[in-house]
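Trainee: Sending over coords11.txt (compact mmCIF, C-alpha atoms).
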# COMPACT_ATOMS: atom_id res chain seq x y z
CA MET A 1 -26.84 -11.75 13.01
CA ILE A 2 -25.46 -9.39 15.66
CA TYR A 3 -21.89 -8.33 14.97
CA LEU A 4 -20.04 -7.35 18.16
CA ASP A 5 -16.48 -7.99 16.95
CA HIS A 6 -15.64 -4.42 15.89
CA PRO A 7 -12.39 -4.33 17.93
CA ALA A 8 -11.12 -7.15 15.67
CA THR A 9 -12.41 -5.57 12.47
CA SER A 10 -15.40 -3.36 11.76
CA TRP A 11 -18.26 -4.76 9.70
CA PRO A 12 -20.21 -4.05 7.59
CA LYS A 13 -18.13 -1.40 5.86
CA PRO A 14 -19.90 1.76 4.64
CA PRO A 15 -21.13 1.37 1.02
CA GLU A 16 -19.06 4.46 0.08
CA VAL A 17 -15.91 2.56 1.09
CA ILE A 18 -16.80 -0.44 -1.05
CA ARG A 19 -17.63 1.83 -4.01
CA ALA A 20 -14.27 3.61 -3.72
CA ILE A 21 -12.40 0.28 -3.72
CA VAL A 22 -14.32 -0.95 -6.77
CA GLU A 23 -13.80 2.34 -8.58
CA PHE A 24 -10.06 2.16 -8.01
CA LEU A 25 -9.94 -1.38 -9.40
CA GLU A 26 -12.28 -0.71 -12.33
CA VAL A 27 -11.34 2.81 -13.34
CA THR A 28 -8.30 4.33 -11.66
CA GLY A 29 -6.17 1.26 -12.08
CA GLY A 30 -2.56 2.46 -12.45
CA ASN A 31 0.39 2.11 -10.10
CA PRO A 32 0.27 5.27 -7.94
CA GLY A 33 2.83 7.76 -9.20
CA ARG A 34 5.19 5.23 -10.75
CA SER A 35 4.72 5.65 -14.46
CA GLY A 36 3.48 9.16 -15.14
CA HIS A 37 0.73 8.13 -17.57
CA SER A 38 -2.82 9.26 -16.96
CA LEU A 39 -3.96 6.22 -14.96
CA SER A 40 -0.82 6.23 -12.84
CA VAL A 41 -1.31 9.93 -12.13
CA ALA A 42 -4.99 9.34 -11.27
CA ALA A 43 -4.00 6.57 -8.84
CA GLY A 44 -1.29 8.76 -7.31
CA ARG A 45 -3.82 11.55 -6.84
CA THR A 46 -6.20 9.19 -5.03
CA VAL A 47 -3.41 8.07 -2.70
CA TYR A 48 -2.38 11.66 -2.03
CA GLU A 49 -5.97 12.60 -1.23
CA THR A 50 -6.09 9.86 1.40
CA ARG A 51 -2.81 11.16 2.87
CA GLU A 52 -4.38 14.61 3.08
CA ALA A 53 -7.58 13.28 4.63
CA LEU A 54 -5.57 11.37 7.26
CA ALA A 55 -3.42 14.40 8.04
CA ARG A 56 -6.55 16.50 8.52
CA PHE A 57 -8.25 13.79 10.58
CA PHE A 58 -5.35 13.37 13.03
CA ASN A 59 -4.24 17.03 12.76
CA ALA A 60 -0.83 15.91 11.47
CA PRO A 61 1.39 18.75 10.32
CA ASP A 62 2.27 17.33 6.89
CA PRO A 63 0.53 14.80 4.56
CA LEU A 64 3.98 13.74 3.33
CA ARG A 65 4.77 12.53 6.85
CA ILE A 66 1.92 10.00 6.77
CA ILE A 67 3.54 6.64 5.98
CA LEU A 68 0.94 4.32 4.47
CA THR A 69 1.22 0.75 5.76
CA HIS A 70 -0.68 -2.54 5.71
CA ASN A 71 -1.93 -2.17 9.29
CA ALA A 72 -0.99 -0.86 12.75
CA THR A 73 1.43 -3.75 13.33
CA HIS A 74 3.38 -2.78 10.22
CA ALA A 75 3.44 0.87 11.35
CA LEU A 76 4.58 -0.07 14.87
CA ASN A 77 7.36 -2.24 13.43
CA ILE A 78 8.57 0.62 11.22
CA ALA A 79 8.83 2.85 14.29
CA LEU A 80 10.24 0.30 16.73
CA GLN A 81 12.68 -1.46 14.43
CA GLY A 82 13.59 1.76 12.65
CA ILE A 83 14.38 3.91 15.68
CA LEU A 84 15.70 1.63 18.42
CA LYS A 85 19.32 0.61 18.73
CA PRO A 86 21.11 -1.69 21.20
CA GLY A 87 21.54 0.08 24.52
CA ASP A 88 18.42 2.24 24.12
CA VAL A 89 15.98 2.26 27.04
CA VAL A 90 12.35 1.77 26.01
CA VAL A 91 9.36 2.19 28.30
CA THR A 92 6.00 0.54 27.66
CA THR A 93 3.01 -0.64 29.70
CA GLY A 94 1.72 -3.94 31.04
CA ILE A 95 -1.42 -3.77 28.90
CA GLU A 96 0.04 -3.74 25.39
CA HIS A 97 -0.93 -5.86 22.38
CA ASN A 98 1.54 -8.31 20.84
CA SER A 99 1.94 -5.87 17.93
CA VAL A 100 4.02 -3.87 20.42
CA MET A 101 5.31 -6.60 22.73
CA ARG A 102 6.61 -9.02 20.10
CA PRO A 103 8.82 -6.52 18.26
CA LEU A 104 10.02 -5.18 21.63
CA ARG A 105 10.83 -8.66 22.96
CA ALA A 106 12.73 -9.40 19.73
CA LEU A 107 14.63 -6.10 20.08
CA GLU A 108 15.35 -6.91 23.71
CA LYS A 109 17.34 -9.93 22.50
CA LEU A 110 19.35 -7.53 20.33
CA GLY A 111 20.20 -5.38 23.33
CA ILE A 112 17.51 -2.77 24.04
CA ASN A 113 16.65 -2.24 27.70
CA LEU A 114 12.88 -2.79 27.97
CA GLN A 115 10.98 -1.42 30.98
CA VAL A 116 7.36 -2.57 31.29
CA VAL A 117 5.34 -0.30 33.61
CA PRO A 118 2.59 -2.27 35.39
CA CYS A 119 -1.11 -1.40 35.17
CA ASP A 120 -3.78 -2.22 37.73
CA MET A 121 -6.62 -4.70 37.16
CA THR A 122 -8.76 -2.05 35.49
CA GLY A 123 -5.99 -1.21 33.01
CA ALA A 124 -4.87 2.03 34.69
CA ILE A 125 -1.12 2.72 34.53
CA ASP A 126 0.87 2.83 37.80
CA MET A 127 2.15 6.40 37.81
CA GLU A 128 4.83 5.82 40.44
CA SER A 129 6.39 3.06 38.34
CA TYR A 130 6.08 5.22 35.23
CA HIS A 131 8.08 8.01 36.90
CA CYS A 132 10.74 5.47 37.97
CA ALA A 133 11.00 4.13 34.41
CA LEU A 134 11.38 7.66 33.03
CA ASP A 135 14.31 8.21 35.41
CA LEU A 136 16.22 5.75 33.19
CA LYS A 137 16.08 8.36 30.37
CA PRO A 138 14.33 6.29 27.69
CA ARG A 139 14.79 6.94 23.99
CA LEU A 140 11.17 5.96 23.34
CA VAL A 141 7.94 5.55 25.30
CA VAL A 142 5.39 3.24 23.66
CA LEU A 143 1.79 3.53 24.82
CA THR A 144 -1.44 1.97 23.71
CA HIS A 145 -4.10 4.66 23.39
CA ALA A 146 -6.68 2.12 24.56
CA SER A 147 -6.20 -1.52 25.49
CA ASN A 148 -7.88 -3.95 23.09
CA VAL A 149 -8.86 -6.08 26.08
CA VAL A 150 -10.34 -3.61 28.58
CA GLY A 151 -10.69 -0.46 26.50
CA ARG A 152 -9.36 1.95 29.11
CA ILE A 153 -8.11 5.17 27.52
CA MET A 154 -4.53 6.03 28.52
CA PRO A 155 -4.00 9.64 29.64
CA ILE A 156 -1.74 10.17 26.61
CA ASP A 157 -1.22 13.94 26.86
CA ARG A 158 -0.11 13.70 30.50
CA LEU A 159 2.16 10.69 29.90
CA ALA A 160 3.61 12.29 26.77
CA MET A 161 4.39 15.51 28.61
CA LEU A 162 6.32 13.60 31.27
CA ALA A 163 8.16 11.57 28.62
CA HIS A 164 9.17 14.73 26.77
CA GLU A 165 10.58 16.19 29.99
CA VAL A 166 13.23 13.44 29.94
CA GLY A 167 13.81 13.77 26.19
CA ALA A 168 11.97 10.61 25.08
CA LEU A 169 9.93 10.29 21.91
CA VAL A 170 6.33 9.07 22.29
CA LEU A 171 4.88 6.37 20.05
CA VAL A 172 1.13 5.74 20.42
CA ASP A 173 -0.69 2.62 19.26
CA ALA A 174 -4.10 3.88 18.15
CA ALA A 175 -5.36 0.57 16.76
CA GLN A 176 -8.45 0.67 19.01
CA THR A 177 -9.06 4.42 18.99
CA GLY A 178 -8.63 5.70 15.42
CA GLY A 179 -12.09 6.76 14.24
CA VAL A 180 -13.54 6.12 17.69
CA VAL A 181 -11.81 8.64 19.98
CA PRO A 182 -10.79 12.08 18.62
CA ILE A 183 -7.00 12.20 18.12
CA ASP A 184 -5.04 15.41 17.61
CA VAL A 185 -1.37 14.44 17.41
CA GLN A 186 -0.18 18.00 17.93
CA ALA A 187 -2.44 18.86 20.88
CA MET A 188 -1.65 15.48 22.49
CA SER A 189 2.13 15.86 21.87
CA ILE A 190 2.35 12.53 20.03
CA ASP A 191 5.61 12.13 18.08
CA LEU A 192 4.57 8.95 16.28
CA LEU A 193 1.06 7.58 15.85
CA ALA A 194 0.42 4.06 14.52
CA PHE A 195 -3.11 3.40 13.29
CA THR A 196 -5.01 0.74 11.37
CA GLY A 197 -7.61 1.36 8.68
CA HIS A 198 -9.91 -1.61 9.20
CA LYS A 199 -11.25 -1.10 12.72
CA GLY A 200 -12.82 2.14 13.96
CA LEU A 201 -11.76 4.02 10.83
CA GLN A 202 -14.18 1.78 8.85
CA GLY A 203 -11.70 1.16 6.03
CA PRO A 204 -10.66 -2.14 4.47
CA PRO A 205 -8.11 -4.58 5.92
CA GLY A 206 -4.61 -4.09 4.52
CA THR A 207 -4.55 -0.37 5.30
CA GLY A 208 -3.03 1.68 8.09
CA GLY A 209 -0.27 4.12 8.69
CA LEU A 210 2.32 5.85 10.79
CA VAL A 211 2.03 9.58 11.43
CA ILE A 212 5.51 11.05 11.93
CA GLY A 213 5.62 14.34 13.77
CA THR A 214 8.08 17.10 12.97
CA SER A 215 9.95 16.22 16.18
CA VAL A 216 11.24 13.09 14.43
CA ALA A 217 13.77 13.65 11.64
CA SER A 218 13.74 11.42 8.57
CA GLY A 219 17.26 10.39 9.58
CA ASP A 220 16.02 9.08 12.95
CA ILE A 221 14.18 6.13 11.35
CA GLU A 222 15.92 3.45 9.31
CA PRO A 223 13.68 1.66 6.80
CA PHE A 224 12.14 -1.60 7.87
CA ILE A 225 11.38 -2.53 4.24
CA TYR A 226 13.59 -1.50 1.33
CA GLY A 227 12.46 -1.33 -2.28
CA GLY A 228 11.15 0.60 -5.26
CA THR A 229 9.55 3.98 -4.69
CA GLY A 230 9.27 5.54 -8.15
CA SER A 231 11.88 8.07 -7.05
CA ASN A 232 15.71 8.15 -7.06
CA SER A 233 15.61 5.26 -9.54
CA ALA A 234 19.24 5.63 -10.63
CA THR A 235 20.52 4.60 -7.23
CA GLU A 236 20.31 1.30 -5.39
CA GLU A 237 20.18 3.14 -2.06
CA GLN A 238 16.81 3.78 -0.40
CA PRO A 239 15.81 7.47 -0.78
CA ALA A 240 16.27 9.53 2.39
CA ILE A 241 13.08 11.56 1.97
CA LEU A 242 9.65 10.86 3.50
CA PRO A 243 7.33 9.21 2.71
CA ASP A 244 9.40 7.25 0.14
CA LYS A 245 12.09 6.22 2.61
CA LEU A 246 9.61 4.11 4.54
CA GLU A 247 7.24 3.08 1.70
CA GLY A 248 9.24 0.65 -0.45
CA GLY A 249 7.03 -1.36 -2.83
CA THR A 250 3.70 -0.71 -4.52
CA LEU A 251 1.06 0.66 -2.17
CA ASN A 252 -2.39 -0.90 -1.63
CA GLY A 253 -4.16 1.47 -4.03
CA PRO A 254 -7.69 0.05 -3.76
CA GLY A 255 -7.43 -0.20 0.02
CA ILE A 256 -6.09 3.34 0.31
CA ALA A 257 -8.94 4.62 -1.89
CA GLY A 258 -11.36 2.85 0.47
CA LEU A 259 -9.63 4.32 3.51
CA GLY A 260 -9.97 7.82 2.05
CA ALA A 261 -13.71 7.26 1.58
CA ALA A 262 -13.93 5.89 5.13
CA ILE A 263 -12.37 9.03 6.62
CA LYS A 264 -14.85 11.14 4.69
CA TRP A 265 -17.70 8.93 5.94
CA ILE A 266 -16.59 9.52 9.55
CA GLU A 267 -16.11 13.24 9.00
CA ASP A 268 -19.59 13.53 7.45
CA ARG A 269 -21.15 11.90 10.52
CA GLY A 270 -18.81 13.62 12.98
CA ILE A 271 -16.50 11.72 15.28
CA TYR A 272 -18.18 13.22 18.36
CA ALA A 273 -21.57 11.94 17.21
CA ILE A 274 -20.09 8.49 16.60
CA LYS A 275 -18.42 8.58 20.01
CA ALA A 276 -21.69 9.56 21.73
CA HIS A 277 -23.47 6.65 20.02
CA HIS A 278 -20.75 4.23 21.13
CA GLU A 279 -20.83 5.56 24.69
CA GLU A 280 -24.56 5.12 25.04
CA LEU A 281 -24.34 1.50 23.88
CA ILE A 282 -21.19 0.52 25.74
CA ASN A 283 -22.50 1.93 29.02
CA LEU A 284 -25.70 -0.06 28.53
CA LEU A 285 -23.60 -3.14 27.82
CA VAL A 286 -21.19 -2.72 30.74
CA SER A 287 -23.87 -2.03 33.33
CA GLY A 288 -26.13 -4.75 31.90
CA LEU A 289 -23.35 -7.35 32.03
CA ALA A 290 -22.43 -6.36 35.59
CA ASP A 291 -26.05 -7.09 36.62
CA VAL A 292 -25.97 -10.67 35.29
CA PRO A 293 -25.33 -13.10 38.18
CA GLY A 294 -22.10 -15.03 37.60
CA VAL A 295 -20.64 -12.50 35.14
CA THR A 296 -17.39 -10.66 35.95
CA VAL A 297 -16.73 -7.49 33.95
CA TYR A 298 -13.16 -6.15 33.58
CA GLY A 299 -11.83 -2.66 33.00
CA PRO A 300 -13.23 0.79 33.66
CA GLN A 301 -16.59 1.31 35.39
CA PRO A 302 -19.68 2.38 33.40
CA GLY A 303 -19.42 6.10 32.64
CA GLU A 304 -15.61 6.11 32.70
CA ASP A 305 -13.93 7.04 29.42
CA ARG A 306 -13.21 3.96 27.31
CA ALA A 307 -12.91 2.61 23.80
CA PRO A 308 -16.22 0.95 22.86
CA LEU A 309 -15.38 -2.56 24.00
CA VAL A 310 -15.77 -4.65 27.12
CA SER A 311 -14.27 -7.92 28.38
CA PHE A 312 -16.07 -10.32 30.69
CA THR A 313 -16.09 -13.90 31.93
CA VAL A 314 -18.94 -16.16 33.02
CA LYS A 315 -18.50 -18.19 36.21
CA ASP A 316 -17.70 -21.87 35.61
CA LYS A 317 -17.94 -21.46 31.82
CA LYS A 318 -15.03 -21.68 29.39
CA VAL A 319 -14.82 -18.53 27.28
CA SER A 320 -14.64 -20.65 24.13
CA ASP A 321 -17.92 -22.36 25.06
CA VAL A 322 -19.57 -18.98 25.69
CA GLY A 323 -18.35 -17.71 22.31
CA LEU A 324 -19.54 -20.82 20.51
CA ARG A 325 -23.01 -20.68 22.10
CA LEU A 326 -23.37 -16.98 21.37
CA ASP A 327 -22.59 -17.63 17.70
CA ARG A 328 -24.47 -20.88 17.18
CA ASP A 329 -27.57 -20.34 19.30
CA PHE A 330 -27.95 -16.55 19.32
CA GLY A 331 -26.21 -15.35 16.14
CA ILE A 332 -23.93 -13.08 18.17
CA LEU A 333 -20.39 -12.74 16.83
CA CYS A 334 -17.58 -11.75 19.19
CA ARG A 335 -14.02 -12.71 20.07
CA VAL A 336 -12.94 -14.89 22.99
CA GLY A 337 -9.54 -15.85 24.39
CA LEU A 338 -6.37 -13.82 24.78
CA HIS A 339 -6.93 -11.25 22.00
CA CYS A 340 -3.21 -11.32 21.03
CA ALA A 341 -2.47 -9.56 24.31
CA PRO A 342 -1.09 -12.00 26.92
CA ALA A 343 0.48 -9.11 28.86
CA ALA A 344 -2.92 -7.46 29.24
CA HIS A 345 -4.54 -10.69 30.43
CA ARG A 346 -1.74 -11.24 32.97
CA THR A 347 -2.48 -7.73 34.26
CA LEU A 348 -6.21 -8.50 34.57
CA GLY A 349 -5.60 -11.91 36.15
CA THR A 350 -7.39 -13.60 33.22
CA PHE A 351 -4.32 -15.40 31.79
CA PRO A 352 -4.30 -18.06 30.31
CA GLU A 353 -8.07 -18.54 29.99
CA GLY A 354 -8.82 -15.10 28.55
CA THR A 355 -12.16 -13.31 28.34
CA VAL A 356 -15.19 -12.84 26.11
CA ARG A 357 -15.01 -9.46 24.37
CA PHE A 358 -17.89 -7.42 22.96
CA GLY A 359 -17.32 -4.28 20.93
CA VAL A 360 -19.82 -1.94 19.30
CA GLY A 361 -19.72 0.03 16.07
CA PRO A 362 -21.49 2.98 14.50
CA MET A 363 -24.28 0.74 13.13
CA THR A 364 -24.86 -1.28 16.32
CA THR A 365 -28.33 -0.70 17.77
CA ARG A 366 -29.78 -0.60 21.29
CA ASP A 367 -31.96 -3.54 20.41
CA GLU A 368 -28.90 -5.61 19.49
CA ILE A 369 -27.27 -4.79 22.83
CA GLU A 370 -30.42 -5.85 24.69
CA GLN A 371 -30.49 -9.14 22.78
CA ALA A 372 -26.80 -9.72 23.58
CA LEU A 373 -27.43 -9.07 27.28
CA SER A 374 -30.31 -11.51 27.44
CA ALA A 375 -28.25 -14.13 25.59
CA VAL A 376 -25.42 -13.80 28.13
CA ALA A 377 -27.96 -14.03 30.98
CA ARG A 378 -29.38 -17.24 29.48
CA ILE A 379 -25.93 -18.80 29.12
CA ALA A 380 -24.89 -17.74 32.64
CA GLN A 381 -28.04 -19.29 34.13
CA GLU A 382 -27.47 -22.76 32.66
CA MET B 1 3.23 30.17 -28.21
CA SER B 2 4.30 30.40 -24.59
CA ASP B 3 7.16 28.36 -23.15
CA TYR B 4 6.78 25.62 -20.58
CA GLY B 5 8.73 24.85 -17.46
CA VAL B 6 9.14 21.51 -15.72
CA VAL B 7 9.30 21.29 -11.94
CA LEU B 8 11.07 18.21 -10.56
CA PHE B 9 10.43 16.70 -7.14
CA HIS B 10 12.19 14.31 -4.78
CA THR B 11 9.13 12.07 -4.35
CA THR B 12 5.98 11.42 -6.35
CA SER B 13 3.93 12.30 -3.27
CA ALA B 14 5.49 15.78 -3.34
CA ALA B 15 4.44 16.09 -7.00
CA PHE B 16 0.82 15.39 -6.07
CA ALA B 17 1.05 17.81 -3.16
CA ALA B 18 2.42 20.45 -5.56
CA GLU B 19 -0.38 19.85 -8.05
CA LYS B 20 -2.95 20.65 -5.37
CA VAL B 21 -1.09 23.74 -4.18
CA LEU B 22 -0.68 25.15 -7.70
CA LYS B 23 -4.29 24.47 -8.72
CA LYS B 24 -5.49 26.14 -5.52
CA ALA B 25 -3.34 29.17 -6.40
CA GLY B 26 -5.01 29.28 -9.83
CA LEU B 27 -1.81 28.24 -11.62
CA GLU B 28 -1.93 25.76 -14.49
CA CYS B 29 -0.14 22.50 -13.79
CA ARG B 30 -0.07 19.14 -15.58
CA LEU B 31 1.61 16.09 -14.13
CA ILE B 32 3.77 14.37 -16.76
CA PRO B 33 6.33 11.58 -16.82
CA THR B 34 9.65 13.16 -15.85
CA PRO B 35 11.66 13.92 -19.01
CA ARG B 36 14.57 11.47 -18.91
CA ASP B 37 17.13 14.09 -19.93
CA LEU B 38 16.27 16.15 -16.85
CA SER B 39 16.24 13.55 -14.09
CA SER B 40 15.85 9.93 -13.14
CA ASP B 41 14.82 10.90 -9.64
CA CYS B 42 11.06 10.82 -9.65
CA GLY B 43 8.62 9.34 -12.15
CA VAL B 44 6.26 12.31 -12.14
CA ALA B 45 7.03 15.98 -12.78
CA ALA B 46 4.85 19.09 -13.07
CA GLU B 47 4.63 20.99 -16.34
CA VAL B 48 3.78 24.65 -15.81
CA ASN B 49 3.63 27.83 -17.92
CA TRP B 50 7.02 29.54 -17.90
CA ASP B 51 5.28 32.92 -17.76
CA CYS B 52 4.09 32.04 -14.25
CA ILE B 53 7.32 30.48 -13.01
CA GLU B 54 7.89 33.01 -10.22
CA ALA B 55 4.35 32.53 -8.93
CA VAL B 56 4.89 28.75 -9.08
CA ARG B 57 8.14 29.05 -7.17
CA ASN B 58 6.53 31.24 -4.51
CA ALA B 59 3.47 29.02 -4.10
CA LEU B 60 5.61 25.91 -3.61
CA GLU B 61 7.95 27.65 -1.23
CA THR B 62 5.08 28.98 0.86
CA ALA B 63 3.61 25.47 1.05
CA GLY B 64 6.99 24.08 2.14
CA ILE B 65 7.32 21.74 -0.86
CA ASP B 66 10.96 21.13 -1.82
CA THR B 67 11.73 20.89 -5.51
CA GLU B 68 14.63 19.10 -7.11
CA GLY B 69 14.92 21.74 -9.77
CA ILE B 70 12.99 23.86 -12.24
CA HIS B 71 13.85 23.68 -15.94
CA LYS B 72 12.72 25.66 -18.96
CA LEU B 73 11.68 23.44 -21.85
Please, can you express the file's structure as structure tokens?

Mentor:
Amino acid sequence: MIYLDHPATSWPKPPEVIRAIVEFLEVTGGNPGRSGHSLSVAAGRTVYETREALARFFNAPDPLRIILTHNATHALNIALQGILKPGDVVVTTGIEHNSVMRPLRALEKLGINLQVVPCDMTGAIDMESYHCALDLKPRLVVLTHASNVVGRIMPIDRLAMLAHEVGALVLVDAAQTGGVVPIDVQAMSIDLLAFTGHKGLQGPPGTGGLVIGTSVASGDIEPFIYGGTGSNSATEEQPAILPDKLEGGTLNGPGIAGLGAAIKWIEDRGIYAIKAHHEELINLLVSGLADVPGVTVYGPQPGEDRAPLVSFTVKDKKVSDVGLRLDRDFGILCRVGLHCAPAAHRTLGTFPEGTVRFGVGPMTTRDEIEQALSAVARIAQE
Amino acid sequence: MSDYGVVLFHTTSAAFAAEKVLKKAGLECRLIPTPRDLSSDCGVAAEVNWDCIEAVRNALETAGIDTEGIHKL
């Protein structure tokens, strides 16, 4: 089996991650920091260590400003629904995932003014339109770090600098880049970073988080979920202090233990080494696909900076048929269709049919890429 | 027998952060269930040696960890 669906979720997970999850369930056991007995304290310590690892990994200023969530969608909703109020101007791009677009469309009905800056067919943002949108003095600019459909890396530091000049906060969706592209929230001037644990970070599903920079006050974000925190128990009001304000309810202890082990796994290998491995394979894949007669490849050219994924279509073939044949006849697993990102496919001109998407991971081999290329060539020929 | 102090925090996460900071500074620290007569605010508190209370205070302040109060037991 050749697994090329890493942009949906990475697989297989490192054995260290699985061991950490099992250890939490078998040994650590307690509710993190709720009860004060030895197992609760041990669980709380494990959770705190993951917060610290994440803060180090993203160069966040404070582990207590890492809000642990179920996934990137949850983190994005905390930021979007917690910060925006009717009348606020919000700027985003024409290549976003539904994890951004759906909450924003819902908020639009409640009275936010949403400005969607177009991107070209390769996923590059139209800078002239971006400048025009910033003239409207947005409260928030929401940017994908890399599109889940074409993989192009947004020039975050440049866009963030321009957004800050007009007083906007910058929220970055790092679902496709966490663990794959180095991220330094301070160097890149990111105010809020939403990430997921189960893709490039190699952690389990059900984990993720929101990094809140010091430029955002606790009072700037209203909770999206209210509930028990193990603190301020005498009052029925949500505590005002981070992370508790935004972490109502018992955390995913086993998942968070696994995520901590996953960060360590990436740090031990080195994110630059992982990135170099991905680049070698994705360039092979992109240039190989472009050479197959009848195949159209979308997004950046080979050699251009990108997240390790590529979208393509095969002439006169439905993407669902290509996906089915790849799985059934060649044992190649990938994702076809709209990838929860209709806006991105409209930008590419691939709506409503969608594309076939391949993504590589740290364990993908050159041989697997060569097999995938010859499978696509076979299918395209028929 | 030396006396103990209890450091209270606003959040349990801050208690775990404090534990790391104090251990790194070579100061003894045990996380305990918060004594009910002191606070209902946070389920976990740090028990420290009262002899070292100034060093504890300084270490937490330097690390930017807010406490909800420090009590002598």

Trainee: Output as a PyMOL selection string the set of chain A residues within 8 Å of chain B, with distances taken over all atoms listed in the file.

Mentor: chain A and resi 33-37+41+44-45+48+64+230-234+241-244

Trainee: I'd like to know which of B:Val6, B:Lys23, B:Leu73, B:Thr67 is closest to Val48 in chain B, using all atoms listed in the file.

Mentor: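 For Val48 in chain B, the nearest of the given residues is B:Val6.
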
Trainee: Residues near Phe24 in chain A, anyone? I mean within 8 Å using only C-alpha atoms, not counting same-chain ones fewer than 4 positions away, as a PyMOL selection string.

Mentor: chain A and resi 20+28-29+43+253-254+257

Trainee: Please return as number ranges by chain every residue within 9 Å of (-27.1, -19.4, 27.1), taking into account all atoms listed in the file and the file's own coordinates.

Mentor: A: 322, 325-326, 329-330, 374-382

Trainee: I'd like a table as a tab-separated table: residues in range 210-269 of chain A with an atom no more than 9 Å from range 176-185 of chain A, each row giving the shortest atom pair and its distance in Å to one decimal, only C-alpha atoms counted, sorted by chain and rising residue number.

Mentor:
residue	atom	partner	partner_atom	distance
A:Val211	CA	A:Val185	CA	8.4
A:Gly213	CA	A:Val185	CA	7.9
A:Ile263	CA	A:Gly179	CA	8.0
A:Ile266	CA	A:Gly179	CA	7.1

Trainee: What does the distance between CA of Ile225 in chain A and CA of His74 in chain A come to in Å, to one decimal place?

Mentor: 10.0 Å

Trainee: Mind checking which residues fall within 7 Å of Val336 in chain A, counting all atoms listed in the file, ignoring those fewer than 2 positions away in the same chain, and posting them as a list of chain:residue names?

Mentor: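 Those residues are A:Val319, A:Ser320, A:Gly323, A:Cys334, A:Leu338, A:Gly354, A:Thr355, A:Val356, A:Arg357.
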
Trainee: What gap, in Å, lies between CA of Ile67 in chain A and CA of Leu192 in chain A?

Mentor: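 Separating CA of Ile67 in chain A from CA of Leu192 in chain A is a distance of 10.6 Å.
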
Trainee: Need the shell around range 21-23 of chain A: protein/DNA/RNA residues with any atom at most 12 Å away, counting only C-alpha atoms. Skip same-chain ones fewer than 3 positions apart. Format as a VMD selection string?

Mentor: chain A and resid 13 to 18 26 to 30 42 to 43 46 to 47 203 to 205 207 252 to 262

Trainee: CA of Ile95 in chain A and CA of Ala343 in chain A, how far apart in Å?

Mentor: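 Between CA of Ala343 in chain A and CA of Ile95 in chain A the gap works out to 5.7 Å.
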
Trainee: Would you kindly return, as a list of chain:residue names, each protein, DNA or RNA residue with an atom no farther than 10 Å from any atom of Ala55 in chain B, considering all atoms listed in the file and excluding same-chain residues fewer than 6 positions away?

Mentor: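 Close residues of Ala55 in chain B: B:Leu22, B:Ala25, B:Gly26, B:Leu27, B:Glu61.
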